[in-house]
Structure formats: C-alpha cells, structure tokens
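> I'm passing along my_file-v5.txt; it holds compact mmCIF, C-alpha atoms.
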```txt
# COMPACT_ATOMS: atom_id res chain seq x y z
CA MET A 1 4.96 -34.25 14.98
CA SER A 2 2.23 -36.33 13.41
CA GLY A 3 -0.14 -34.80 10.90
CA ASP A 4 -3.00 -36.33 12.92
CA ASN A 5 -2.44 -33.59 15.47
CA PHE A 6 -3.84 -31.00 13.06
CA ASN A 7 -7.37 -30.29 11.84
CA PHE A 8 -9.07 -27.32 10.20
CA ILE A 9 -12.22 -25.52 11.24
CA PHE A 10 -13.92 -22.35 10.05
CA LEU A 11 -14.74 -19.34 12.17
CA SER A 12 -18.38 -19.59 11.07
CA GLU A 13 -18.51 -23.06 12.67
CA ILE A 14 -17.42 -21.65 16.01
CA LEU A 15 -19.47 -18.46 16.21
CA HIS A 16 -22.73 -18.82 18.14
CA LEU A 17 -21.77 -22.20 19.60
CA PRO A 18 -23.23 -22.65 23.09
CA LEU A 19 -20.88 -22.16 26.02
CA PHE A 20 -21.07 -24.58 28.96
CA SER A 21 -19.57 -24.49 32.42
CA ALA A 22 -17.00 -27.27 32.91
CA THR A 23 -18.02 -27.42 36.58
CA THR A 24 -21.83 -27.54 36.43
CA GLY A 25 -22.38 -28.67 32.83
CA LYS A 26 -24.94 -25.90 32.38
CA LYS A 27 -25.16 -23.52 29.45
CA ILE A 28 -23.85 -20.11 30.44
CA GLY A 29 -23.74 -18.24 27.13
CA GLN A 30 -22.60 -18.38 23.50
CA ILE A 31 -19.52 -17.42 21.51
CA VAL A 32 -19.75 -14.16 19.59
CA ASP A 33 -16.12 -13.64 18.52
CA LEU A 34 -12.53 -14.82 18.86
CA ALA A 35 -9.53 -12.71 19.83
CA ALA A 36 -6.15 -13.35 18.21
CA ARG A 37 -2.67 -11.97 18.63
CA THR A 38 -1.02 -10.90 15.38
CA SER A 39 2.54 -10.82 16.68
CA HIS A 40 3.04 -14.41 15.45
CA VAL A 41 3.67 -15.44 11.83
CA TYR A 42 0.06 -16.64 11.88
CA PRO A 43 -2.34 -15.01 14.37
CA LYS A 44 -2.82 -17.20 17.45
CA ILE A 45 -6.24 -17.36 19.11
CA THR A 46 -5.89 -15.94 22.63
CA ALA A 47 -9.46 -15.68 23.91
CA LEU A 48 -13.16 -16.21 23.37
CA ILE A 49 -15.56 -13.29 23.37
CA ALA A 50 -18.80 -14.59 24.87
CA GLN A 51 -22.27 -13.21 25.40
CA MET A 52 -23.37 -14.59 28.77
CA SER A 53 -26.88 -15.82 29.40
CA ASN A 54 -27.35 -13.37 32.28
CA GLY A 55 -26.97 -10.43 29.87
CA GLY A 56 -24.59 -7.54 30.05
CA GLU A 57 -21.62 -6.72 27.85
CA PRO A 58 -19.73 -9.58 26.12
CA VAL A 59 -16.91 -10.93 28.26
CA TYR A 60 -13.31 -11.77 27.43
CA ILE A 61 -12.38 -15.36 28.34
CA ALA A 62 -8.64 -16.00 28.08
CA TRP A 63 -7.70 -19.17 26.21
CA PRO A 64 -6.28 -21.06 29.27
CA HIS A 65 -9.84 -21.14 30.68
CA VAL A 66 -11.24 -22.73 27.49
CA ARG A 67 -11.78 -26.44 26.81
CA LEU A 68 -12.27 -26.73 23.08
CA THR A 69 -14.90 -29.28 22.09
CA VAL A 70 -16.16 -27.73 18.87
CA PHE A 71 -16.69 -31.06 17.12
CA LYS A 72 -19.27 -31.84 19.80
CA LYS A 73 -20.98 -28.60 18.86
CA HIS A 74 -20.27 -26.80 22.10
CA VAL A 75 -17.41 -25.26 24.06
CA THR A 76 -16.78 -25.61 27.76
CA VAL A 77 -14.96 -23.14 29.98
CA GLU A 78 -13.85 -23.04 33.57
CA TYR A 79 -16.59 -21.05 35.23
CA PRO A 80 -16.56 -18.88 37.20
CA PHE A 81 -13.23 -17.57 35.90
CA GLU A 82 -11.02 -14.57 36.52
CA GLN A 83 -11.17 -12.24 33.54
CA ASP A 84 -7.74 -11.34 32.29
CA GLU A 85 -8.67 -7.71 31.73
CA GLU A 86 -5.22 -6.31 32.37
CA GLY A 87 -3.59 -8.83 30.06
CA SER A 88 -5.99 -8.14 27.21
CA ARG A 89 -5.62 -4.40 27.67
CA SER A 90 -1.86 -4.60 27.24
CA ALA A 91 -2.02 -6.73 24.08
CA GLU A 92 -1.99 -4.04 21.41
CA SER A 93 -1.63 -6.65 18.66
CA GLU A 94 -4.74 -8.55 19.77
CA ILE A 95 -7.65 -8.20 17.35
CA LEU A 96 -11.21 -9.50 17.05
CA LEU A 97 -11.60 -11.83 14.09
CA LYS A 98 -15.30 -11.45 13.33
CA LYS A 99 -15.36 -7.67 13.68
CA THR A 100 -12.14 -7.21 11.77
CA PHE A 101 -12.71 -9.59 8.87
CA LEU A 102 -16.17 -11.00 8.18
CA ASP A 103 -17.88 -9.14 5.33
CA LYS A 104 -15.05 -6.61 5.30
CA GLN A 105 -12.65 -5.75 2.50
CA ILE A 106 -8.98 -6.62 2.74
CA ILE A 107 -6.07 -6.08 0.40
CA SER A 108 -4.70 -9.08 -1.43
CA THR A 109 -0.96 -8.56 -1.88
CA THR A 110 -0.89 -11.23 -4.58
CA GLY A 111 -3.70 -9.89 -6.74
CA TYR A 112 -3.18 -6.24 -5.75
CA LYS A 113 -6.86 -5.62 -5.17
CA LEU A 114 -9.57 -5.42 -2.55
CA VAL A 115 -11.41 -8.66 -1.81
CA ARG A 116 -14.35 -9.48 0.46
CA VAL A 117 -13.90 -11.86 3.37
CA ASN A 118 -16.59 -14.55 3.61
CA ASP A 119 -15.02 -16.78 6.28
CA LEU A 120 -11.77 -17.61 8.07
CA GLN A 121 -10.07 -21.00 8.21
CA LEU A 122 -8.41 -21.91 11.50
CA LEU A 123 -5.82 -24.59 12.17
CA ILE A 124 -6.44 -26.73 15.27
CA ASP A 125 -3.17 -27.83 16.83
CA ASN A 126 -3.94 -30.84 19.03
CA SER A 127 -0.32 -31.41 20.03
CA SER A 128 -0.87 -29.57 23.31
CA LYS A 129 -1.66 -31.97 26.15
CA ASP A 130 -4.02 -29.64 27.99
CA ASN A 131 -5.87 -27.69 25.35
CA PRO A 132 -5.47 -27.40 21.56
CA ASN A 133 -4.29 -24.11 20.11
CA LEU A 134 -6.00 -22.33 17.23
CA TRP A 135 -4.19 -20.38 14.50
CA LEU A 136 -5.64 -18.20 11.74
CA VAL A 137 -4.09 -19.49 8.51
CA HIS A 138 -6.42 -18.76 5.57
CA ILE A 139 -8.83 -16.03 4.50
CA ASP A 140 -11.84 -17.46 2.66
CA ILE A 141 -12.88 -15.17 -0.21
CA GLY A 142 -14.83 -17.75 -2.21
CA PHE A 143 -18.54 -18.26 -2.84
CA LYS A 144 -18.38 -21.51 -0.88
CA GLY A 145 -17.42 -19.57 2.24
CA LEU A 146 -20.54 -17.46 1.95
CA LEU A 147 -22.71 -20.55 1.46
CA ARG A 148 -21.11 -22.14 4.53
CA ARG A 149 -21.99 -19.16 6.69
CA LEU A 150 -25.58 -19.23 5.46
CA GLY A 151 -25.80 -22.96 6.15
CA TRP A 152 -26.53 -23.73 2.51
CA VAL A 153 -23.33 -25.46 1.38
CA ASP A 154 -24.61 -29.01 2.07
CA PHE A 155 -27.70 -28.26 -0.02
CA ILE A 156 -26.19 -26.24 -2.90
CA ASN A 157 -22.99 -28.24 -3.40
CA PRO A 158 -24.74 -31.55 -4.42
CA ILE A 159 -26.84 -29.64 -6.94
CA PHE A 160 -23.75 -27.92 -8.31
CA HIS A 161 -21.98 -31.30 -8.53
CA TRP A 162 -24.93 -32.84 -10.37
CA LEU A 163 -25.01 -29.99 -12.87
CA PHE A 164 -21.27 -29.57 -13.50
CA ALA A 165 -19.74 -32.88 -12.31
CA ARG A 166 -17.56 -31.12 -9.74
CA ASP A 167 -17.81 -29.55 -6.32
CA ILE A 168 -17.76 -25.86 -5.51
CA ILE A 169 -14.14 -25.13 -4.80
CA ASP A 170 -12.76 -23.17 -1.88
CA LYS A 171 -10.93 -19.95 -2.63
CA PHE A 172 -8.39 -19.08 0.03
CA LEU A 173 -5.73 -16.47 0.60
CA THR A 174 -2.97 -17.33 3.03
CA TRP A 175 -2.56 -14.91 5.92
CA LYS A 176 0.89 -13.94 4.63
CA ASN A 177 -0.67 -12.51 1.46
CA VAL A 178 -3.30 -10.22 2.93
CA GLN A 179 -3.27 -6.75 4.43
CA PRO A 180 -6.25 -5.76 6.59
CA THR A 181 -7.18 -2.13 6.05
CA THR A 182 -8.20 -1.79 9.70
CA ALA A 183 -8.43 -4.06 12.71
CA THR A 184 -10.75 -3.98 15.72
CA ASN A 185 -9.05 -4.72 19.03
CA VAL A 186 -10.56 -6.30 22.11
CA HIS A 187 -11.69 -2.93 23.43
CA GLY A 188 -13.65 -2.04 20.30
CA SER A 189 -11.41 0.72 18.99
CA VAL A 190 -10.25 0.76 15.40
CA ILE A 191 -6.51 0.44 14.86
CA MET A 192 -4.32 0.09 11.82
CA LYS A 193 -2.44 -3.14 11.20
CA ALA A 194 0.54 -1.40 9.67
CA ASP A 195 2.60 -3.87 7.71
CA SER A 196 4.35 -1.76 5.11
CA SER A 197 6.46 -4.74 4.04
CA LYS A 198 3.35 -6.27 2.43
CA LEU A 199 2.33 -3.01 0.79
CA SER A 200 5.82 -2.43 -0.59
CA ALA A 201 5.17 -5.26 -3.07
CA PHE A 202 2.55 -3.09 -4.80
CA HIS A 203 3.36 -1.01 -7.85
CA PRO A 204 2.31 2.59 -7.01
CA ALA A 205 -0.34 2.50 -9.75
CA ASP A 206 -1.85 -0.69 -8.25
CA LEU A 207 -1.78 0.77 -4.76
CA ALA A 208 -3.43 3.95 -6.03
CA ASP A 209 -6.27 1.86 -7.51
CA VAL A 210 -6.75 0.08 -4.18
CA LEU A 211 -6.75 3.32 -2.20
CA ALA A 212 -9.34 4.79 -4.55
CA ASP A 213 -11.76 2.00 -3.54
CA LEU A 214 -11.25 2.48 0.21
CA GLY A 215 -13.10 4.77 2.58
CA THR A 216 -11.43 7.96 3.79
CA ASP A 217 -10.27 6.60 7.16
CA GLU A 218 -8.79 3.41 5.68
CA ARG A 219 -7.14 5.36 2.86
CA ILE A 220 -5.44 7.76 5.27
CA SER A 221 -4.42 4.96 7.61
CA LEU A 222 -2.72 3.09 4.80
CA LEU A 223 -0.92 6.17 3.51
CA GLU A 224 0.35 6.88 7.01
CA SER A 225 1.64 3.32 7.37
CA ILE A 226 3.94 3.42 4.34
CA SER A 227 7.11 5.39 3.74
CA PRO A 228 6.89 8.94 2.34
CA VAL A 229 8.70 7.77 -0.80
CA THR A 230 6.09 5.06 -1.50
CA ALA A 231 3.26 7.40 -0.53
CA ALA A 232 4.57 10.08 -2.92
CA ALA A 233 4.81 7.66 -5.83
CA THR A 234 1.30 6.42 -5.06
CA LEU A 235 -0.19 9.89 -4.72
CA GLN A 236 1.20 10.85 -8.12
CA GLU A 237 -0.79 7.99 -9.66
CA MET A 238 -4.09 9.26 -8.24
CA PRO A 239 -6.48 11.60 -10.03
CA MET A 240 -6.04 15.22 -8.88
CA SER A 241 -9.49 15.25 -7.30
CA LEU A 242 -8.57 12.28 -5.10
CA ARG A 243 -5.17 13.81 -4.27
CA LEU A 244 -6.92 16.92 -3.00
CA HIS A 245 -9.33 14.82 -0.94
CA VAL A 246 -6.37 13.00 0.63
CA ALA A 247 -4.61 16.30 1.31
CA GLU A 248 -7.62 17.60 3.23
CA SER A 249 -7.53 14.58 5.54
CA LEU A 250 -3.77 14.23 6.12
CA GLU A 251 -1.96 16.09 8.87
CA ASN A 252 0.20 18.89 7.50
CA GLU A 253 3.42 17.24 8.71
CA LYS A 254 2.64 13.96 6.95
CA LEU A 255 1.52 15.73 3.78
CA ALA A 256 4.73 17.77 3.73
CA SER A 257 6.87 14.65 4.11
CA ILE A 258 5.09 13.10 1.11
CA ILE A 259 5.27 16.22 -1.07
CA ALA A 260 8.99 16.47 -0.33
CA GLU A 261 9.44 13.14 -2.15
CA MET A 262 7.26 13.94 -5.17
CA GLN A 263 8.62 14.84 -8.60
CA MET A 264 9.01 18.61 -8.87
CA ASP A 265 6.57 19.09 -11.74
CA GLU A 266 3.98 17.02 -9.88
CA THR A 267 4.67 19.00 -6.71
CA VAL A 268 4.05 22.34 -8.41
CA ASP A 269 0.81 21.14 -10.02
CA PHE A 270 -0.41 19.66 -6.75
CA LEU A 271 0.39 22.69 -4.60
CA ASP A 272 -1.23 24.95 -7.14
CA GLU A 273 -4.53 23.10 -6.62
CA LEU A 274 -4.42 23.16 -2.80
CA PRO A 275 -6.34 25.78 -0.81
CA HIS A 276 -4.09 28.73 0.05
CA GLU A 277 -4.12 28.04 3.79
CA LYS A 278 -3.16 24.37 3.32
CA ARG A 279 -0.48 25.21 0.75
CA ASP A 280 1.11 27.84 3.00
CA ALA A 281 1.12 25.42 5.93
CA VAL A 282 2.84 22.72 3.86
CA LEU A 283 5.40 25.13 2.40
CA SER A 284 6.35 26.24 5.91
CA LEU A 285 7.33 22.64 6.71
CA LEU A 286 9.55 22.12 3.64
CA THR A 287 13.22 23.03 3.43
CA GLN A 288 14.16 26.50 2.19
CA ASP A 289 15.88 25.05 -0.88
CA LYS A 290 12.79 23.03 -1.76
CA VAL A 291 10.52 26.04 -1.36
CA ALA A 292 12.80 28.22 -3.50
CA GLU A 293 12.81 25.58 -6.24
CA ILE A 294 9.02 25.32 -6.14
CA LYS A 295 8.56 29.09 -6.31
CA ASP A 296 11.00 29.45 -9.20
CA LEU A 297 9.18 26.81 -11.19
CA THR A 298 5.78 28.31 -10.32
CA LYS A 299 6.83 31.70 -11.71
CA LEU A 300 7.40 30.27 -15.17
CA SER A 301 4.75 30.82 -17.81
CA ALA A 302 1.95 28.32 -17.78
CA PHE A 303 2.29 28.24 -21.56
CA GLY A 304 6.05 27.49 -21.56
CA VAL A 305 7.87 24.22 -21.15
CA GLY A 306 9.42 25.50 -17.92
CA SER A 307 6.06 25.00 -16.22
CA ILE A 308 6.04 21.26 -16.91
CA MET A 309 9.73 20.36 -16.66
CA ASN A 310 11.09 18.13 -13.94
CA THR A 311 14.17 19.09 -11.97
CA ASN A 312 15.03 15.60 -10.77
CA PHE A 313 17.49 14.30 -13.36
CA LEU A 314 20.94 12.71 -13.52
CA THR A 315 24.10 14.62 -14.44
CA ALA A 316 27.81 13.83 -14.65
CA LYS A 317 31.02 15.68 -15.43
CA PRO A 318 33.04 14.87 -18.61
CA ALA A 319 36.08 13.70 -16.63
CA GLN A 320 34.16 11.22 -14.50
CA THR A 321 34.72 7.56 -15.29
CA VAL A 322 32.03 5.14 -16.35
CA ARG A 323 32.40 3.38 -13.00
CA GLU A 324 31.93 6.62 -11.05
CA VAL A 325 28.84 7.56 -13.04
CA MET A 326 27.28 4.11 -12.58
CA LYS A 327 27.83 4.45 -8.83
CA ALA A 328 26.07 7.82 -8.91
CA VAL A 329 23.18 6.36 -10.92
CA LYS A 330 22.64 3.64 -8.32
CA ALA A 331 22.66 6.24 -5.54
CA ASP A 332 20.00 8.38 -7.28
CA THR A 333 17.59 5.67 -8.43
CA LYS A 334 14.84 6.86 -6.06
CA ARG A 335 15.28 10.58 -6.75
CA ALA A 336 15.58 10.79 -10.51
CA GLU A 337 12.46 10.53 -12.66
CA LEU A 338 14.32 9.08 -15.64
CA LEU A 339 17.39 6.85 -15.33
CA TYR A 340 18.06 6.08 -18.98
CA TYR A 341 19.67 9.42 -19.86
CA ILE A 342 22.60 10.90 -17.93
CA TYR A 343 23.34 14.47 -18.98
CA ILE A 344 26.96 15.65 -19.13
CA VAL A 345 27.53 19.20 -17.85
CA ASP A 346 30.59 21.30 -17.14
CA ASP A 347 31.37 23.07 -13.86
CA GLU A 348 28.99 25.90 -14.76
CA GLU A 349 26.16 23.42 -15.59
CA HIS A 350 26.36 24.05 -19.35
CA LEU A 351 24.92 21.07 -21.26
CA LYS A 352 27.71 19.30 -23.15
CA GLY A 353 26.20 15.95 -24.06
CA LEU A 354 24.57 12.83 -22.74
CA VAL A 355 25.20 9.12 -22.25
CA THR A 356 22.62 6.41 -22.04
CA LEU A 357 22.47 3.66 -19.46
CA ARG A 358 23.04 1.17 -22.26
CA GLN A 359 26.29 2.92 -23.22
CA LEU A 360 27.49 2.85 -19.62
CA LEU A 361 26.77 -0.85 -19.25
CA ALA A 362 28.68 -1.65 -22.43
CA ALA A 363 31.74 0.53 -21.72
CA LYS A 364 34.85 -0.14 -19.68
CA GLY A 365 34.63 1.20 -16.16
CA THR A 366 37.87 3.19 -16.42
CA LEU A 367 36.83 5.22 -19.47
CA PRO A 368 35.91 8.90 -18.92
CA VAL A 369 32.33 9.49 -20.04
CA SER A 370 33.54 12.25 -22.38
CA GLU A 371 34.84 9.51 -24.70
CA ILE A 372 31.44 7.84 -25.09
CA MET A 373 29.01 10.74 -24.69
CA ARG A 374 26.93 12.13 -27.53
CA GLY A 375 27.42 15.83 -28.26
CA ASN A 376 25.21 18.42 -29.97
CA ILE A 377 22.19 17.40 -27.92
CA VAL A 378 18.75 18.54 -29.05
CA SER A 379 17.18 20.66 -26.30
CA VAL A 380 14.45 23.23 -25.82
CA LYS A 381 14.63 26.62 -24.15
CA ILE A 382 12.93 27.11 -20.84
CA ASP A 383 10.55 29.66 -22.37
CA SER A 384 9.78 27.54 -25.46
CA SER A 385 6.13 26.93 -26.20
CA ILE A 386 4.38 23.68 -25.49
CA LYS A 387 3.77 23.39 -29.22
CA ARG A 388 7.51 23.67 -29.97
CA MET A 389 8.28 21.00 -27.37
CA ALA A 390 5.67 18.67 -28.90
CA GLN A 391 7.22 19.12 -32.34
CA VAL A 392 10.65 18.10 -31.00
CA PHE A 393 9.22 14.96 -29.42
CA PHE A 394 7.37 14.08 -32.60
CA LYS A 395 10.46 14.56 -34.75
CA TYR A 396 13.10 12.81 -32.65
CA LYS A 397 11.09 10.23 -30.66
CA PHE A 398 13.13 10.88 -27.50
CA GLU A 399 12.22 9.48 -24.09
CA ALA A 400 13.05 12.90 -22.62
CA ILE A 401 14.24 16.31 -23.77
CA PRO A 402 16.59 18.55 -21.74
CA VAL A 403 15.50 22.11 -20.95
CA VAL A 404 18.15 24.84 -20.96
CA ASP A 405 18.22 28.59 -20.33
CA ASP A 406 19.58 31.26 -22.67
CA ASP A 407 23.15 30.37 -21.59
CA ASP A 408 22.61 26.67 -22.37
CA LYS A 409 22.70 25.78 -18.68
CA LEU A 410 20.66 22.67 -17.90
CA GLN A 411 17.49 23.54 -15.96
CA GLY A 412 15.38 20.41 -16.17
CA ILE A 413 13.97 17.68 -18.38
CA ILE A 414 10.60 16.90 -19.92
CA THR A 415 9.61 13.28 -20.23
CA MET A 416 7.31 11.83 -22.85
CA GLY A 417 4.64 11.43 -20.15
CA ASP A 418 4.91 15.11 -19.18
CA ALA A 419 4.61 16.06 -22.83
CA LEU A 420 1.48 13.97 -23.39
CA ASP A 421 -0.16 15.43 -20.30
CA ALA A 422 0.57 18.96 -21.52
CA VAL A 423 -0.46 18.46 -25.15
CA PHE A 424 -3.59 16.41 -24.41
CA PRO A 425 -4.87 17.69 -21.05
CA GLU A 426 -8.40 16.57 -21.86
CA VAL A 427 -7.14 12.97 -22.19
CA LYS A 428 -5.49 13.21 -18.76
CA GLU A 429 -8.69 14.63 -17.23
CA ALA A 430 -10.76 11.83 -18.76
CA ALA A 431 -8.34 9.21 -17.45
CA GLU A 432 -8.42 10.71 -13.97
CA GLY A 433 -12.19 10.97 -13.98
```
The structure given in the file should be rewritten as structure tokens.

Amino acid sequence: MSGDNFNFIFLSEILHLPLFSATTGKKIGQIVDLAARTSHVYPKITALIAQMSNGGEPVYIAWPHVRLTVFKKHVTVEYPFEQDEEGSRSAESEILLKKTFLDKQIISTTGYKLVRVNDLQLLIDNSSKDNPNLWLVHIDIGFKGLLRRLGWVDFINPIFHWLFARDIIDKFLTWKNVQPTTATNVHGSVIMKADSSKLSAFHPADLADVLADLGTDERISLLESISPVTAAATLQEMPMSLRLHVAESLENEKLASIIAEMQMDETVDFLDELPHEKRDAVLSLLTQDKVAEIKDLTKLSAFGVGSIMNTNFLTAKPAQTVREVMKAVKADTKRAELLYYIYIVDDEEHLKGLVTLRQLLAAKGTLPVSEIMRGNIVSVKIDSSIKRMAQVFFKYKFEAIPVVDDDDKLQGIITMGDALDAVFPEVKEAAEG
C-alpha cells in the first residue's frame, strides 16, 4: 500500500465545515462532531454529527452516506438519507470526539499524569475506492494545537520562528498511551472507557496522584474499572481525607472488595475513620475470618505496637527446603507487605528465626531453611510501647521487626514505614494535607 494513500488532518479543521447535499449541491448544515468506534486498535470514525440548517437536534449521519472533501473546505453527504438510529444505538463503544476530548483532561499512561487535550489528529486512509476512512491516531496536547483551534497558528508561528529560529513544535500522545477519564456516546450519556490494562502500568502512588486531581465521578469510575488489588494499593497511597471522600461515593460492595485487599494495619486505620453506619455495612460484606482479625487488632491499645502491626507477612517451617520456600514467596507476592524477610516458625507459630530473600537466592534449592536461617531474632512484644519499638528500629536499622505475644508466637510485623508514621504522625498529616 503506497504511503500516498495516507494524509493527516485535525479535528479542528473538520468541525464547523459546511455540509452540502450531493444531490442538489446546496448547503444543508454544518459539522458539529464526529463519532468513532473504540473497538479498533485506533478509533475509527463511523459518523458525522451535523446541525442541519432547518434547526432541530443534531443528526447522526452514518459514514457510508458521507463523501469526504475536507480539503475543499466542505463535506458532501447523500441527502436525504436514512438515519442509522438503531445501528448507532447498539454501538456501545461509539463515542463523540469533540465532547469527549476537546478541552478535557485525559490520563497519559507514559507520563502518569493528567493532560489537557487541545486537538485530535486523524489519519485519512484514501485506499478505499468509494470513500476514505478516518482513524483517530494522536492526541494533541501542545500549545500549537490550541493556536490551531483559535486560527492563530499561521500568524504566531512565523513570529516565533523569527524570534527563536525554529517553529512551534507539535506535542502528541499516541492513542495507545492515553486513558480517557470519561467518554460521551452518541446519545449524550457519560460512560467510562474502562481499559484497566493501561492503568495497570501506573505505580499506585502515581495513580493516587492522578485520582486526586480528578472530579468525584471520574475518580469513582476509574476506581471501579480497575481490579480490587490495584484499587487497594492506590487507596492506601491517598491522604485519609481523600480515602474517606472516596468511601462515601463507592457502593458498599465495591468498597468491601477493595478493603479486603488492603494491608491489615491500613484496613484498621481506615475503618476506624469511617462513619459507623458505613463501617458496619462494609464489615457485613467481609469474610468472618477477616472481620475477626480486624476486631482483634482494633482491640489492641492505641499506644502499643499491636495497633500498628501488619498481619500480612511470610512464614516458613524449619524443615522446608529453599526451593519450597521460594515457591511460597512467589505465590504470596501480592499478599505480603514485605518480601525480603521470611520468618521461620514451628508448628505452634513460635518464632525460631528468619531468612532473607538474598540468602534464599544464594542457597541450594535442596537445603532445609533451618541450615541457613538466623536465630535469636530481635522482636518486640505486642503490648510494647511505640517508643520501645522506635528504639529497636534506631538501634538495629531493620527493614521490619517481628511482633510476638508473651509465648513468643509470631503475631505480625512492623515495617519501617509503619514505624515512621507512628513516631511522626504530624509529618504524615502534613504529607497527606
């Protein structure tokens, strides 16, 4: 296929073009939007949305009725035409480009941030014998796109070139690297373009920053489009005030599915801040084991380390081989808060030692972990003070400290991050604010 069959045009160059009847040659209206179907790799233009000269609501003109002559500064259509109302109604993936994109914010999955759309670049495929096809390929987020829409680019660009010896450059994002927060379909309703595969590339902290900049509806829509695991990790990165705002807007079932995937210490803190009615509703949707664990942790003194410990950690038995433990580590990568330490316990859960991930990687797979584990592990009691815990961290510089009961049975762990939050709560509040 020859490259001559392809040209580019911007949406701003098509909007408001006059619409002529192919039969009479008379002007019958003007273009106000384009409809595109997002089920393709790149959205394919499927219709014009036109405001007719005789007034009334804008009409949907399916692409087969269109004769594209944009370079002659007008578009012709077969008129009168049969409106494909049933076809457009059934196309759930069909969106309006102007209403969805222009002057709206979208998520860049390469820069992990919200960006403003100034224009859209369309590919004209002239290989079709009857009528060229249009495809949305690039999102214009540059200053030049804004100038183009205002009609100023031909005036400003020569001045810019004279001053700086170069032209104003275009700044594009390819369609594959954007995530619309919402999309407007051909019937005017707002729908979510849920593409969690794009959002999965975000680090939870980056996604939390993006969600903080969105409106309530867009924020909830995005959270509902991603997996509970990703949503939980993201929610944990948000300030508590924003978490509570999200909780108010989410359905109880969705909120419960997210909370079920959160770290236990984060879960307890979060539930403690929820209104009683909301908290009771969420607890009723969690498993009995989960609820019992939450209540046990909640009962602990707010001044003891038990109130900040995390119960998602990795354990192994002394007789297990290095290979068996590595297999268990891989299986628990999503559940455990800290992967570096694997605690060795006996059948009664008494703490006997620990191995590090580095030790496991360096050891032979057939060795029992008892031969490489470290014994006499420093730990803190579940009712130890926050001050005592901080002193242990300061002295030993551990990544995490195990928490045991009076019988030396492992109850949880405290990470360095948990410790900092507990010792310097005002720093955490300032960061969240």
> Please indicate the distance in Å from atom CA of A:Thr287 to atom CA of A:Met264, rounded to one decimal place.
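Distance reported for this atom pair: 13.7 Å.
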> Skip A:Thr333 itself and residues of its chain fewer than 3 positions away, then list as a ChimeraX atom specification all residues within 12 Å of it, counting all atoms listed in the file.
/A:229,312-314,326-330,336-340,342
> How many Å separate atom CA of A:Pro368 from atom CA of A:Phe398?
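Answer for the atom CA of A:Pro368 to atom CA of A:Phe398 separation: 24.4 Å.
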> Of the candidates A:Ala208, A:Ala390, A:Val117, A:Val246, which shows the shortest atom-to-atom distance to A:Lys171, using all atoms listed in the file?
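Among the listed residues, the smallest separation from A:Lys171 belongs to A:Val117.
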> Could you list, as a list of chain:residue names, every residue within 12 Å of A:Asp154, counting all atoms listed in the file and ignoring same-chain residues fewer than 6 positions away?
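Once the nearby chain positions are removed, what remains is A:Lys144, A:Gly145, A:Leu147, A:Arg148, A:Phe160, A:His161, A:Asp167, A:Ile168.
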> Please determine, counting all atoms listed in the file, which residue among A:Arg279, A:Trp63, A:Phe10, A:Lys99 has the shortest atom-to-atom distance to A:Ile139.
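Nearest candidate to A:Ile139 out of A:Arg279, A:Trp63, A:Phe10, A:Lys99: A:Phe10.
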> Given all atoms listed in the file as the basis, pick out the residue of A:Ala247, A:Leu286, A:Leu367, A:Ile259 nearest to A:Leu274.
A:Ala247
> Have a look at atom CA of A:Ile169 and atom CA of A:Asn157 and let me know their distance in Å, one decimal.
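Computing the Euclidean distance for atom CA of A:Ile169 and atom CA of A:Asn157 yields 9.5 Å.
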> Taking all atoms listed in the file into account, name the residue in A:Val66, A:Met389, A:Leu255, A:Val137 that is nearest to A:Ala419.
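Under the stated criterion, the closest residue is A:Met389.
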> Go ahead and fit an axis-aligned box to every listed atom of stretch 28-47 of chain A plus 3 Å each side, and pass me the centre and edge lengths in Å, one decimal, as AutoDock Vina command-line options.

```
--center_x -10.1 --center_y -15.5 --center_z 21.1 --size_x 33.5 --size_y 15.3 --size_z 24.6
```
